[in-house]
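Everything below belongs to my_file_14.txt, which stores compact mmCIF, C-alpha atoms.
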# COMPACT_ATOMS: atom_id res chain seq x y z
CA MET A 1 -7.34 9.71 -25.48
CA ASN A 2 -5.88 6.52 -24.11
CA SER A 3 -7.91 3.56 -22.93
CA THR A 4 -7.36 4.33 -19.23
CA SER A 5 -8.71 7.86 -19.40
CA SER A 6 -11.67 6.80 -21.54
CA ALA A 7 -12.43 4.06 -19.03
CA LYS A 8 -12.35 6.62 -16.22
CA LYS A 9 -14.79 8.83 -18.14
CA LYS A 10 -17.29 5.97 -18.31
CA GLY A 11 -18.19 6.31 -14.63
CA THR A 12 -18.36 10.12 -14.47
CA ILE A 13 -21.56 12.15 -14.24
CA ARG A 14 -22.09 14.39 -17.27
CA ILE A 15 -23.75 17.80 -17.03
CA TRP A 16 -26.20 17.09 -19.88
CA SER A 17 -27.42 13.99 -18.06
CA VAL A 18 -27.95 15.89 -14.78
CA LEU A 19 -29.81 18.67 -16.61
CA LEU A 20 -31.99 16.16 -18.40
CA TRP A 21 -32.98 14.44 -15.16
CA LEU A 22 -33.69 17.81 -13.51
CA GLY A 23 -35.86 18.69 -16.51
CA ILE A 24 -37.80 15.44 -16.18
CA TRP A 25 -38.24 16.06 -12.43
CA GLN A 26 -39.46 19.62 -13.07
CA LEU A 27 -41.90 18.42 -15.73
CA VAL A 28 -43.36 15.65 -13.52
CA ALA A 29 -43.66 18.07 -10.57
CA MET A 30 -45.43 20.65 -12.77
CA THR A 31 -47.77 18.00 -14.14
CA LEU A 32 -48.71 16.82 -10.65
CA GLY A 33 -48.98 20.41 -9.44
CA GLN A 34 -48.83 19.43 -5.75
CA ASP A 35 -45.70 20.29 -3.79
CA ILE A 36 -46.74 17.94 -1.01
CA LEU A 37 -46.41 14.95 -3.35
CA LEU A 38 -43.44 16.04 -5.42
CA VAL A 39 -41.74 19.38 -5.06
CA SER A 40 -40.08 20.82 -8.16
CA PRO A 41 -36.29 21.30 -8.26
CA VAL A 42 -36.79 25.05 -8.58
CA ASN A 43 -38.81 25.13 -5.35
CA VAL A 44 -36.20 22.97 -3.59
CA ILE A 45 -33.47 25.45 -4.55
CA LEU A 46 -35.64 28.38 -3.41
CA ARG A 47 -36.29 26.62 -0.06
CA LEU A 48 -32.61 25.85 0.32
CA PHE A 49 -31.84 29.51 -0.35
CA ASP A 50 -34.17 30.46 2.52
CA LEU A 51 -32.63 27.85 4.82
CA VAL A 52 -29.00 28.92 4.30
CA GLN A 53 -29.91 32.37 5.59
CA THR A 54 -30.87 30.98 9.00
CA SER A 55 -28.35 30.30 11.74
CA SER A 56 -30.11 27.07 12.80
CA PHE A 57 -29.34 25.62 9.35
CA TRP A 58 -25.60 26.02 9.89
CA ARG A 59 -25.84 24.86 13.50
CA SER A 60 -27.57 21.65 12.37
CA ILE A 61 -24.89 21.03 9.76
CA ALA A 62 -22.11 21.62 12.29
CA TYR A 63 -23.87 19.36 14.80
CA SER A 64 -24.35 16.40 12.45
CA PHE A 65 -21.02 16.87 10.66
CA SER A 66 -18.98 16.90 13.85
CA ARG A 67 -20.63 13.73 15.12
CA ILE A 68 -20.64 11.72 11.90
CA ALA A 69 -17.08 12.76 10.97
CA GLY A 70 -16.03 12.06 14.57
CA GLY A 71 -17.40 8.52 14.32
CA PHE A 72 -15.67 8.08 10.98
CA PHE A 73 -12.25 9.19 12.24
CA LEU A 74 -12.53 7.17 15.43
CA ALA A 75 -13.43 4.03 13.45
CA THR A 76 -10.58 4.73 11.01
CA LEU A 77 -8.08 5.01 13.84
CA LEU A 78 -9.29 1.89 15.64
CA GLY A 79 -9.78 -0.07 12.40
CA VAL A 80 -6.16 0.57 11.41
CA LEU A 81 -4.87 -0.29 14.90
CA PHE A 82 -6.94 -3.48 15.07
CA ALA A 83 -5.70 -4.48 11.60
CA ILE A 84 -2.06 -3.98 12.64
CA PHE A 85 -2.53 -6.04 15.82
CA SER A 86 -4.49 -8.74 13.95
CA TYR A 87 -1.66 -8.99 11.44
CA ARG A 88 0.90 -9.23 14.22
CA TYR A 89 -1.02 -11.52 16.58
CA ARG A 90 -3.28 -14.26 15.26
CA TRP A 91 -5.30 -14.40 18.50
CA VAL A 92 -6.35 -10.74 18.08
CA GLU A 93 -7.83 -11.55 14.67
CA GLU A 94 -9.64 -14.57 16.10
CA PHE A 95 -10.87 -12.50 19.05
CA LEU A 96 -12.19 -9.73 16.78
CA ALA A 97 -13.77 -12.00 14.14
CA PRO A 98 -17.17 -12.55 15.90
CA PRO A 99 -17.94 -8.86 16.67
CA ILE A 100 -16.75 -7.72 13.23
CA GLN A 101 -18.93 -10.33 11.50
CA THR A 102 -21.89 -9.42 13.73
CA ILE A 103 -21.55 -5.71 12.97
CA LYS A 104 -21.36 -6.46 9.25
CA ALA A 105 -24.52 -8.59 9.30
CA THR A 106 -26.72 -6.50 11.62
CA PRO A 107 -29.11 -3.93 10.08
CA VAL A 108 -28.41 -0.28 10.98
CA ALA A 109 -31.94 0.17 12.36
CA SER A 110 -31.42 -2.68 14.85
CA PHE A 111 -28.23 -1.08 16.13
CA VAL A 112 -29.89 2.33 16.43
CA ILE A 113 -32.79 0.99 18.46
CA LEU A 114 -30.55 -1.21 20.62
CA THR A 115 -27.99 1.48 21.36
CA LEU A 116 -30.65 4.08 22.17
CA VAL A 117 -31.10 2.12 25.39
CA TRP A 118 -27.45 2.70 26.38
CA ILE A 119 -26.39 5.89 24.61
CA ALA A 120 -27.81 9.41 24.76
CA PRO A 121 -29.45 10.47 21.45
CA GLN A 122 -26.89 13.25 20.91
CA ASN A 123 -24.07 10.67 20.72
CA LEU A 124 -25.97 8.11 18.68
CA SER A 125 -24.74 9.23 15.26
CA VAL A 126 -21.12 9.11 16.44
CA PHE A 127 -21.58 5.51 17.53
CA ILE A 128 -23.55 4.38 14.47
CA SER A 129 -21.14 6.05 12.04
CA PHE A 130 -18.30 4.39 13.98
CA LEU A 131 -19.96 0.96 13.77
CA MET A 132 -20.56 1.17 10.05
CA VAL A 133 -17.01 2.30 9.23
CA LEU A 134 -15.04 0.04 11.60
CA PRO A 135 -15.47 -3.33 9.79
CA ILE A 136 -14.76 -1.78 6.39
CA MET A 137 -11.55 -0.12 7.60
CA TYR A 138 -10.41 -3.14 9.58
CA THR A 139 -11.02 -5.67 6.79
CA ASN A 140 -9.48 -3.55 4.02
CA VAL A 141 -6.40 -2.47 5.94
CA LEU A 142 -5.75 -6.03 7.13
CA MET A 143 -6.08 -7.25 3.54
CA GLY A 144 -3.68 -4.49 2.43
CA ILE A 145 -1.06 -5.43 5.04
CA ARG A 146 -1.39 -9.09 4.07
CA SER A 147 -0.88 -8.24 0.40
CA THR A 148 2.55 -6.76 1.14
CA ASP A 149 5.10 -8.37 -1.12
CA GLU A 150 7.07 -10.96 0.89
CA LYS A 151 10.02 -10.56 -1.46
CA LEU A 152 10.23 -6.83 -0.71
CA LEU A 153 10.17 -7.62 3.00
CA GLU A 154 13.02 -10.09 2.50
CA MET A 155 14.93 -7.45 0.56
CA ALA A 156 14.46 -5.02 3.46
CA GLU A 157 15.63 -7.71 5.89
CA VAL A 158 18.80 -8.40 3.91
CA PHE A 159 19.65 -4.70 3.52
CA ARG A 160 18.72 -4.03 7.16
CA VAL A 161 16.30 -1.25 6.19
CA PRO A 162 15.21 0.55 9.40
CA THR A 163 11.69 -0.22 10.65
CA TYR A 164 10.43 3.31 10.04
CA ARG A 165 11.45 3.12 6.37
CA ARG A 166 9.98 -0.37 6.00
CA ILE A 167 6.64 0.86 7.32
CA ARG A 168 6.59 4.04 5.25
CA TYR A 169 7.93 2.81 1.94
CA ILE A 170 7.04 -0.88 1.82
CA TYR A 171 3.97 -1.46 3.99
CA LEU A 172 2.26 1.88 3.45
CA SER A 173 2.66 1.88 -0.32
CA GLN A 174 0.89 -1.50 -0.37
CA VAL A 175 -1.76 -0.62 2.22
CA LEU A 176 -2.73 2.88 1.08
CA PRO A 177 -4.65 1.79 -2.06
CA PHE A 178 -6.72 -0.56 0.15
CA PHE A 179 -7.18 2.21 2.73
CA ARG A 180 -8.27 4.64 0.00
CA SER A 181 -10.90 2.29 -1.36
CA ALA A 182 -12.15 1.63 2.20
CA CYS A 183 -12.46 5.39 2.82
CA SER A 184 -14.33 5.87 -0.44
CA VAL A 185 -16.96 3.30 0.58
CA ALA A 186 -17.05 4.15 4.29
CA LEU A 187 -17.43 7.93 3.93
CA GLY A 188 -20.73 7.67 2.06
CA LEU A 189 -21.95 4.93 4.36
CA SER A 190 -21.13 6.88 7.53
CA TRP A 191 -23.37 9.72 6.35
CA LYS A 192 -26.25 7.45 5.36
CA ALA A 193 -26.11 5.52 8.63
CA GLY A 194 -25.43 8.60 10.77
CA ILE A 195 -28.44 10.51 9.44
CA ALA A 196 -30.64 7.41 9.72
CA ALA A 197 -29.60 7.19 13.38
CA GLU A 198 -30.50 10.85 13.92
CA VAL A 199 -33.92 10.36 12.30
CA ILE A 200 -34.64 7.55 14.76
CA GLY A 201 -32.89 9.00 17.85
CA LEU A 202 -33.95 12.62 17.14
CA PRO A 203 -31.11 14.48 18.84
CA GLN A 204 -32.10 18.12 19.13
CA GLY A 205 -30.64 20.40 16.46
CA SER A 206 -29.42 17.65 14.14
CA ILE A 207 -30.06 17.30 10.40
CA GLY A 208 -31.92 14.07 11.17
CA GLU A 209 -34.30 15.92 13.47
CA LYS A 210 -34.94 18.54 10.79
CA LEU A 211 -35.67 15.82 8.28
CA TYR A 212 -38.06 14.13 10.71
CA GLN A 213 -39.89 17.37 11.47
CA ALA A 214 -40.29 18.02 7.74
CA LYS A 215 -41.85 14.57 7.41
CA ILE A 216 -44.22 15.13 10.40
CA TYR A 217 -45.44 18.48 9.03
CA LEU A 218 -45.57 17.12 5.45
CA ASP A 219 -43.13 19.87 4.49
CA THR A 220 -41.87 18.23 1.30
CA PRO A 221 -39.74 21.19 0.12
CA ASP A 222 -37.87 21.10 3.46
CA MET A 223 -37.43 17.34 3.21
CA PHE A 224 -35.96 17.62 -0.29
CA ALA A 225 -33.80 20.61 0.66
CA TRP A 226 -32.31 18.81 3.67
CA THR A 227 -31.75 15.67 1.60
CA LEU A 228 -29.90 17.78 -0.95
CA VAL A 229 -27.79 19.26 1.85
CA ILE A 230 -26.89 15.76 3.09
CA ILE A 231 -25.86 14.68 -0.42
CA ILE A 232 -23.75 17.81 -0.94
CA ILE A 233 -21.94 17.48 2.41
CA SER A 234 -21.39 13.76 1.99
CA VAL A 235 -19.95 14.12 -1.54
CA TRP A 236 -17.89 17.17 -0.55
CA PHE A 237 -16.48 15.45 2.52
CA GLU A 238 -15.59 12.34 0.52
CA LYS A 239 -13.94 14.32 -2.28
CA LEU A 240 -11.97 16.54 0.11
CA PHE A 241 -10.80 13.60 2.18
CA LEU A 242 -9.73 11.60 -0.87
CA ILE A 243 -7.90 14.58 -2.39
CA LEU A 244 -5.94 15.01 0.85
CA LEU A 245 -5.26 11.28 0.98
CA ASP A 246 -4.02 11.28 -2.63
CA ARG A 247 -1.62 14.09 -1.76
CA VAL A 248 -0.30 12.08 1.17
CA MET A 249 0.09 9.03 -1.10
CA LEU A 250 2.02 11.13 -3.62
CA LYS A 251 4.34 12.44 -0.89
CA MET A 252 4.93 8.88 0.29
CA GLU A 253 6.49 8.06 -3.06
CA HIS A 254 9.42 10.40 -2.48
CA LEU A 255 12.44 9.66 -0.36
CA MET B 256 38.28 -11.12 6.99
CA LYS B 257 38.85 -14.88 7.47
CA LYS B 258 37.83 -17.41 4.85
CA LEU B 259 34.10 -18.05 4.89
CA GLN B 260 33.31 -21.71 5.44
CA ILE B 261 30.19 -23.61 4.56
CA GLN B 262 30.47 -26.94 6.37
CA ASP B 263 28.50 -30.09 5.70
CA ILE B 264 25.19 -28.40 5.10
CA SER B 265 22.11 -30.35 4.10
CA LYS B 266 18.86 -28.93 2.85
CA ARG B 267 15.72 -30.77 1.83
CA TYR B 268 12.26 -29.67 0.74
CA GLY B 269 10.05 -32.67 1.49
CA ASP B 270 11.53 -35.54 -0.47
CA THR B 271 13.66 -33.29 -2.65
CA VAL B 272 17.27 -33.15 -1.52
CA VAL B 273 18.97 -29.90 -2.57
CA PHE B 274 22.20 -30.35 -0.59
CA GLU B 275 23.56 -33.35 1.23
CA ARG B 276 26.63 -32.62 3.41
CA PHE B 277 27.83 -29.89 1.07
CA SER B 278 30.95 -27.88 1.96
CA CYS B 279 32.81 -25.07 0.27
CA THR B 280 35.02 -22.09 1.06
CA LEU B 281 34.59 -18.48 -0.03
CA HIS B 282 37.61 -16.25 -0.49
CA PRO B 283 37.34 -12.86 1.16
CA GLY B 284 38.15 -9.76 -0.85
CA GLU B 285 37.57 -11.62 -4.10
CA VAL B 286 34.86 -12.54 -6.55
CA ASN B 287 33.64 -16.10 -5.98
CA VAL B 288 31.58 -17.55 -8.79
CA LEU B 289 28.69 -19.86 -8.06
CA PHE B 290 28.18 -21.92 -11.16
CA GLY B 291 25.58 -24.52 -11.99
CA ALA B 292 22.59 -25.41 -14.11
CA SER B 293 19.08 -24.25 -13.24
CA GLY B 294 17.77 -26.19 -10.26
CA SER B 295 21.24 -27.05 -8.97
CA GLY B 296 20.59 -25.14 -5.74
CA LYS B 297 22.34 -21.81 -6.38
CA THR B 298 19.51 -19.64 -5.10
CA THR B 299 18.90 -21.96 -2.14
CA LEU B 300 22.57 -21.69 -1.16
CA LEU B 301 22.40 -17.89 -1.38
CA ARG B 302 19.26 -17.84 0.79
CA LEU B 303 21.01 -20.03 3.37
CA ILE B 304 24.05 -17.73 3.36
CA MET B 305 21.86 -14.61 3.81
CA GLY B 306 19.99 -16.31 6.66
CA LEU B 307 16.65 -16.22 4.82
CA GLU B 308 16.38 -19.96 5.30
CA GLU B 309 17.91 -22.40 7.73
CA ALA B 310 19.94 -25.46 6.80
CA ASP B 311 18.61 -28.79 8.08
CA GLU B 312 22.14 -29.74 9.10
CA GLY B 313 25.60 -28.24 8.95
CA SER B 314 27.20 -24.94 9.78
CA LEU B 315 27.14 -21.45 8.26
CA ASN B 316 28.52 -19.84 11.42
CA SER B 317 31.07 -17.66 9.67
CA PHE B 318 28.23 -15.77 7.87
CA GLU B 319 26.19 -14.96 10.96
CA GLN B 320 27.72 -11.61 11.79
CA LEU B 321 28.07 -10.40 8.21
CA ARG B 322 26.19 -7.58 6.63
CA PHE B 323 24.82 -8.47 3.19
CA SER B 324 23.93 -6.64 0.06
CA ALA B 325 22.31 -8.36 -2.88
CA VAL B 326 20.98 -8.31 -6.38
CA PHE B 327 18.30 -10.95 -6.07
CA GLN B 328 17.11 -13.22 -8.84
CA GLU B 329 14.13 -10.85 -9.18
CA ASP B 330 14.67 -7.08 -9.07
CA ARG B 331 12.68 -6.58 -5.85
CA LEU B 332 12.09 -2.85 -6.37
CA CYS B 333 9.32 -0.80 -4.77
CA ASN B 334 7.23 -0.03 -7.83
CA ASN B 335 5.87 3.30 -6.62
CA LEU B 336 9.28 4.67 -5.67
CA SER B 337 11.54 6.31 -8.22
CA ALA B 338 14.82 4.73 -9.30
CA SER B 339 16.79 7.01 -6.96
CA SER B 340 14.36 6.48 -4.05
CA ASN B 341 14.73 2.71 -4.42
CA VAL B 342 18.47 3.14 -3.95
CA LYS B 343 18.11 5.66 -1.11
CA LEU B 344 15.79 3.27 0.73
CA VAL B 345 18.67 0.91 1.55
CA VAL B 346 21.79 3.07 1.65
CA GLU B 347 23.27 4.76 4.71
CA PRO B 348 22.25 8.40 5.29
CA THR B 349 25.88 9.32 4.62
CA VAL B 350 25.40 8.45 0.92
CA SER B 351 24.30 11.71 -0.68
CA SER B 352 21.64 12.20 -3.36
CA GLU B 353 24.43 13.33 -5.64
CA GLN B 354 26.28 10.02 -5.19
CA VAL B 355 23.09 8.08 -5.93
CA LYS B 356 22.49 10.20 -9.01
CA ASN B 357 26.06 9.73 -10.25
CA ALA B 358 25.83 5.97 -9.78
CA LEU B 359 22.61 5.79 -11.77
CA VAL B 360 24.11 7.95 -14.51
CA ALA B 361 27.18 5.67 -14.58
CA VAL B 362 25.02 2.69 -15.53
CA GLY B 363 23.13 4.66 -18.19
CA LEU B 364 20.04 5.55 -16.12
CA GLY B 365 20.45 9.32 -16.27
CA ASP B 366 16.99 9.78 -17.79
CA ALA B 367 15.30 7.40 -15.38
CA ILE B 368 16.39 8.82 -12.03
CA ARG B 369 12.99 10.27 -11.10
CA LYS B 370 10.84 7.72 -12.91
CA PRO B 371 8.84 5.28 -10.75
CA ALA B 372 10.24 1.76 -10.97
CA LYS B 373 6.96 0.50 -12.44
CA GLU B 374 7.63 2.60 -15.55
CA LEU B 375 11.11 1.19 -16.14
CA SER B 376 11.99 -1.59 -18.60
CA GLY B 377 13.37 -4.93 -17.39
CA GLY B 378 16.96 -3.96 -18.16
CA MET B 379 16.59 -0.60 -16.41
CA ARG B 380 15.11 -2.21 -13.31
CA ARG B 381 18.02 -4.65 -13.23
CA ARG B 382 20.48 -1.77 -13.26
CA VAL B 383 18.63 0.02 -10.44
CA ALA B 384 18.79 -3.20 -8.40
CA LEU B 385 22.52 -3.43 -9.10
CA VAL B 386 23.22 0.20 -8.15
CA ARG B 387 21.21 -0.31 -4.96
CA ALA B 388 23.34 -3.34 -4.06
CA LEU B 389 26.61 -1.61 -4.92
CA LEU B 390 25.91 1.54 -2.89
CA ALA B 391 24.65 -0.30 0.20
CA THR B 392 26.95 -1.03 3.12
CA TYR B 393 28.04 -4.68 3.17
CA ASP B 394 30.62 -7.28 4.10
CA LEU B 395 29.43 -9.73 1.47
CA LEU B 396 27.87 -8.79 -1.85
CA ILE B 397 25.65 -11.37 -3.52
CA LEU B 398 24.97 -10.94 -7.21
CA ASP B 399 22.44 -13.41 -8.62
CA GLU B 400 22.67 -13.04 -12.40
CA PRO B 401 23.06 -9.27 -12.10
CA PHE B 402 23.43 -8.59 -15.83
CA LYS B 403 20.37 -10.57 -16.89
CA GLY B 404 18.39 -8.82 -19.62
CA LEU B 405 21.05 -6.29 -20.57
CA ASP B 406 22.21 -5.84 -24.16
CA GLU B 407 25.91 -6.38 -24.87
CA LEU B 408 26.87 -2.71 -24.96
CA THR B 409 25.06 -1.85 -21.72
CA LYS B 410 26.39 -5.01 -20.09
CA LYS B 411 30.00 -3.92 -20.80
CA GLN B 412 29.34 -0.48 -19.31
CA VAL B 413 27.64 -1.99 -16.23
CA ILE B 414 30.34 -4.64 -15.72
CA ALA B 415 33.01 -1.91 -15.84
CA TYR B 416 31.14 0.06 -13.17
CA THR B 417 30.62 -3.06 -11.02
CA LEU B 418 34.30 -3.94 -11.28
CA GLU B 419 35.25 -0.46 -10.12
CA ARG B 420 32.88 -0.63 -7.12
CA THR B 421 33.73 -4.17 -5.99
CA LYS B 422 37.52 -3.90 -5.87
CA ASP B 423 38.80 -5.85 -2.84
CA LYS B 424 35.24 -6.70 -1.80
CA THR B 425 33.93 -10.17 -1.09
CA VAL B 426 31.46 -11.08 -3.80
CA ILE B 427 29.44 -14.15 -4.71
CA LEU B 428 28.47 -14.01 -8.36
CA VAL B 429 25.89 -16.37 -9.78
CA THR B 430 26.13 -16.60 -13.54
CA HIS B 431 25.73 -19.00 -16.43
CA ASP B 432 28.26 -16.97 -18.39
CA LEU B 433 31.87 -17.59 -17.36
CA GLU B 434 32.95 -14.73 -19.63
CA GLU B 435 31.06 -12.34 -17.32
CA ALA B 436 32.86 -13.86 -14.36
CA LYS B 437 36.25 -13.37 -16.05
CA LEU B 438 35.46 -9.73 -16.78
CA LEU B 439 34.73 -9.21 -13.09
CA GLY B 440 38.08 -10.77 -12.22
CA ALA B 441 36.71 -13.92 -10.62
CA LYS B 442 39.32 -16.54 -9.70
CA HIS B 443 37.33 -19.00 -7.60
CA VAL B 444 34.52 -21.11 -8.94
CA ILE B 445 32.12 -23.17 -6.87
CA ASN B 446 30.56 -25.59 -9.30
CA LEU B 447 27.28 -26.93 -7.95
CA GLU B 448 26.88 -29.31 -10.88
CA THR B 449 29.67 -31.49 -9.53
CA ILE B 450 27.89 -32.09 -6.24
CA ALA B 451 24.70 -33.51 -7.73
Re-express the file's structure as structure tokens.
Amino acid sequence: MNSTSSAKKKGTIRIWSVLLWLGIWQLVAMTLGQDILLVSPVNVILRLFDLVQTSSFWRSIAYSFSRIAGGFFLATLLGVLFAIFSYRYRWVEEFLAPPIQTIKATPVASFVILTLVWIAPQNLSVFISFLMVLPIMYTNVLMGIRSTDEKLLEMAEVFRVPTYRRIRYIYLSQVLPFFRSACSVALGLSWKAGIAAEVIGLPQGSIGEKLYQAKIYLDTPDMFAWTLVIIIISVWFEKLFLILLDRVMLKMEHL
Amino acid sequence: MKKLQIQDISKRYGDTVVFERFSCTLHPGEVNVLFGASGSGKTTLLRLIMGLEEADEGSLNSFEQLRFSAVFQEDRLCNNLSASSNVKLVVEPTVSSEQVKNALVAVGLGDAIRKPAKELSGGMRRRVALVRALLATYDLLILDEPFKGLDELTKKQVIAYTLERTKDKTVILVTHDLEEAKLLGAKHVINLETIA
């Protein structure tokens, strides 16, 4: 095994480690013997099994997924556009600097409470997911464009490489690694912030509402089951998106 | 094509004077050698000719309408693109994949056609940069030490290929090796050491 692959392995989650932690969790839950304080992993799985057989479970997932993913994609689109314009026109960057810095520094809860005044609860997670993703996308993509090798751009100028090819083969190859790392961070964050917004705004039929109800009725198995669902969707969405992005990046390398 | 005139150009970077009222003539359809020690202003002159920098004074009018092709001092390859894609990036759509492949094979890069540039050795990258410059459409070809880093055997093979591709073309060759210039059939030398 070479050093690169062994380095990659260092960050991966091993099955033995997961099983060990599940074992510890099960043991602690059995020792306590009270589901209301700490539900065992077995009971969480059993509750999840019950939930997946209901249509409201799938409706809640579709509801939250569509809104959070919608916010993510909207922020990605605008973040990339803003980065391009900021690179091209200095005044755009200067104009955007205060709101971007403000969004970065403001706690999610403050935004949720503030925006509840202006936005209907059902659209809150779209907006919050959008706000969390926008600065990450904007900053990373702008950094990526700025890192484009000046000497390659000069080469393209001398050879009169058409604009479309310059963008695809010179700019994109430099920007995509920055874009990928932004997506990796922003995808997880959009889910965390989006669900937090739903828990505060309580839009009817959302995962956040289900989580809140579980808390109100002290239904710990439900709370754990829904949390597990959020983790699974968030990880799955991130992996799927990054796999698709990697395929696009691979295609970009062929002319 | 008429003779290409560089007239009374001056170029300074702060207090450093690179050229002061420098003039020379390039012969069209021939290999013109630009000769001089490191720091004598060869690369600066090439950048002025290609329009990448502006002269403080003087005229380079006869170069303004020209189309350039170049092997730069550095290879300037897109690291993620393969050797053949790096060439295809700059050539006209009329140049076929087969022609690109044949050109790469001719300079001994048959095994490296599909390899990303980042995986190529220094000598291989130099040859990709040269093939790219030779297959591009141009009025004036600029070769800044194009055979740098090549072993003697490969250099001979690459010079032979370059000679074949540059027949009757206007070329500026920067080299420290006048033997290389002779092999490429150069007759005109612009010696920048004499202007210092």
Any idea what the distance is between atom CA of B:Asn357 and atom CA of A:Leu152?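 One can read the atom CA of B:Asn357 to atom CA of A:Leu152 distance as 24.8 Å.
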Find the residues of chain A in contact range of chain B, meaning any atom within 10 Å when counting all atoms listed in the file, and list them as a VMD selection string. chain A and resid 149 to 162 165 to 166 169 to 170 173 to 174 249 to 250 252 to 255
Could those residues be written to a file, using C-alpha atoms, as a PDB file, in the coordinates of the input?
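So the final result, stored in part_3.pdb, reads:
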ATOM      1  CA  ASP A 149       5.100  -8.370  -1.120  1.00  0.00           C
ATOM      2  CA  GLU A 150       7.070 -10.960   0.890  1.00  0.00           C
ATOM      3  CA  LYS A 151      10.020 -10.560  -1.460  1.00  0.00           C
ATOM      4  CA  LEU A 152      10.230  -6.830  -0.710  1.00  0.00           C
ATOM      5  CA  LEU A 153      10.170  -7.620   3.000  1.00  0.00           C
ATOM      6  CA  GLU A 154      13.020 -10.090   2.500  1.00  0.00           C
ATOM      7  CA  MET A 155      14.930  -7.450   0.560  1.00  0.00           C
ATOM      8  CA  ALA A 156      14.460  -5.020   3.460  1.00  0.00           C
ATOM      9  CA  GLU A 157      15.630  -7.710   5.890  1.00  0.00           C
ATOM     10  CA  VAL A 158      18.800  -8.400   3.910  1.00  0.00           C
ATOM     11  CA  PHE A 159      19.650  -4.700   3.520  1.00  0.00           C
ATOM     12  CA  ARG A 160      18.720  -4.030   7.160  1.00  0.00           C
ATOM     13  CA  VAL A 161      16.300  -1.250   6.190  1.00  0.00           C
ATOM     14  CA  PRO A 162      15.210   0.550   9.400  1.00  0.00           C
ATOM     15  CA  ARG A 165      11.450   3.120   6.370  1.00  0.00           C
ATOM     16  CA  ARG A 166       9.980  -0.370   6.000  1.00  0.00           C
ATOM     17  CA  TYR A 169       7.930   2.810   1.940  1.00  0.00           C
ATOM     18  CA  ILE A 170       7.040  -0.880   1.820  1.00  0.00           C
ATOM     19  CA  SER A 173       2.660   1.880  -0.320  1.00  0.00           C
ATOM     20  CA  GLN A 174       0.890  -1.500  -0.370  1.00  0.00           C
ATOM     21  CA  MET A 249       0.090   9.030  -1.100  1.00  0.00           C
ATOM     22  CA  LEU A 250       2.020  11.130  -3.620  1.00  0.00           C
ATOM     23  CA  MET A 252       4.930   8.880   0.290  1.00  0.00           C
ATOM     24  CA  GLU A 253       6.490   8.060  -3.060  1.00  0.00           C
ATOM     25  CA  HIS A 254       9.420  10.400  -2.480  1.00  0.00           C
ATOM     26  CA  LEU A 255      12.440   9.660  -0.360  1.00  0.00           C
TER      27      LEU A 255
END
Can you tell me, as a PyMOL selection string, what residues are no more than 7 Å from stretch 257-262 of chain B when counting only C-alpha atoms, ignoring any on the same chain fewer than 4 positions away? chain B and resi 277-283+313-315+317-318
Adding 5 Å on each side of the box along x, y and z that holds all listed atoms of stretch 404-419 of chain B, could you give its centre and edge lengths in Å to one decimal, as AutoDock Vina command-line options?
--center_x 26.8 --center_y -4.4 --center_z -17.5 --size_x 26.9 --size_y 18.9 --size_z 24.8
Atom CA of B:Leu303 to atom CA of B:Lys373, distance in Å rounded to a single decimal: 29.5 Å
Between A:Thr106, A:Gly79, A:Val175, A:Met132, which is the closest to A:Ser147 once you count all atoms listed in the file?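 So, comparing all the options, the nearest one is A:Val175.
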From the list A:Arg168, A:Asn140, A:Leu131, A:Trp25, which residue is nearest A:Lys251 when using all atoms listed in the file?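 Of A:Arg168, A:Asn140, A:Leu131, A:Trp25, the one nearest A:Lys251, counting all atoms listed in the file, is A:Arg168.
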B:Val355 proximity check over B:Glu308, B:Gly378, B:Val383, B:Ser265, using all atoms listed in the file: winner is B:Val383
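The space between atom CA of B:Thr425 and atom CA of B:Leu396 spans 6.3 Å.
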Might you pull out every residue within 6 Å of stretch 121-126 of chain A, with only C-alpha atoms counted and same-chain residues fewer than 4 positions away left off, and present them as a ChimeraX atom specification? /A:67-68,71,194,197,201,203
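With all atoms listed in the file as the atoms that count, the minimum distance from B:Arg382 to the choices B:Glu448, B:Asp423, B:Asp394, B:Asp406 is reached by B:Asp406.
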Could you check the closest approach to A:Ile207 for each of A:Met30, A:Val42, A:Ala193, A:Ala62 and tell me which residue wins, using all atoms listed in the file?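 Nearest candidate to A:Ile207 out of A:Met30, A:Val42, A:Ala193, A:Ala62: A:Ala62.
Residues within 10 Å of stretch 176-181 of chain A, counting all atoms listed in the file and excluding same-chain residues fewer than 6 positions away, are Thr76, Val80, Ile136, Met137, Tyr138, Thr139, Asn140, Val141, Leu142, Met143, Gly144, Ile145, Ser147, Phe241, Leu242, Leu245, Asp246, Val248, Met249 and Met252 of chain A.
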Let me make sure I understand: among A:Ser64, A:Ser234, A:Thr31, A:Ser110, which one has the smallest atom-to-atom distance to A:Val185 if we use all atoms listed in the file?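 Checking each of A:Ser64, A:Ser234, A:Thr31, A:Ser110 against A:Val185, counting all atoms listed in the file, the winner is A:Ser234.
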For A:Glu238, find every residue with an atom within 9 Å (counting all atoms listed in the file), except residues of its own chain fewer than 4 positions away, and show them as a ChimeraX atom specification. /A:183-184,187-188,233-234,242-243
Shell of 12 Å around B:Val360, all atoms listed in the file, local chain residues under 3 positions omitted, as an MDAnalysis selection string: chainID B and resid 338:339 353:357 363:369 379 382:383 386 412:413 416
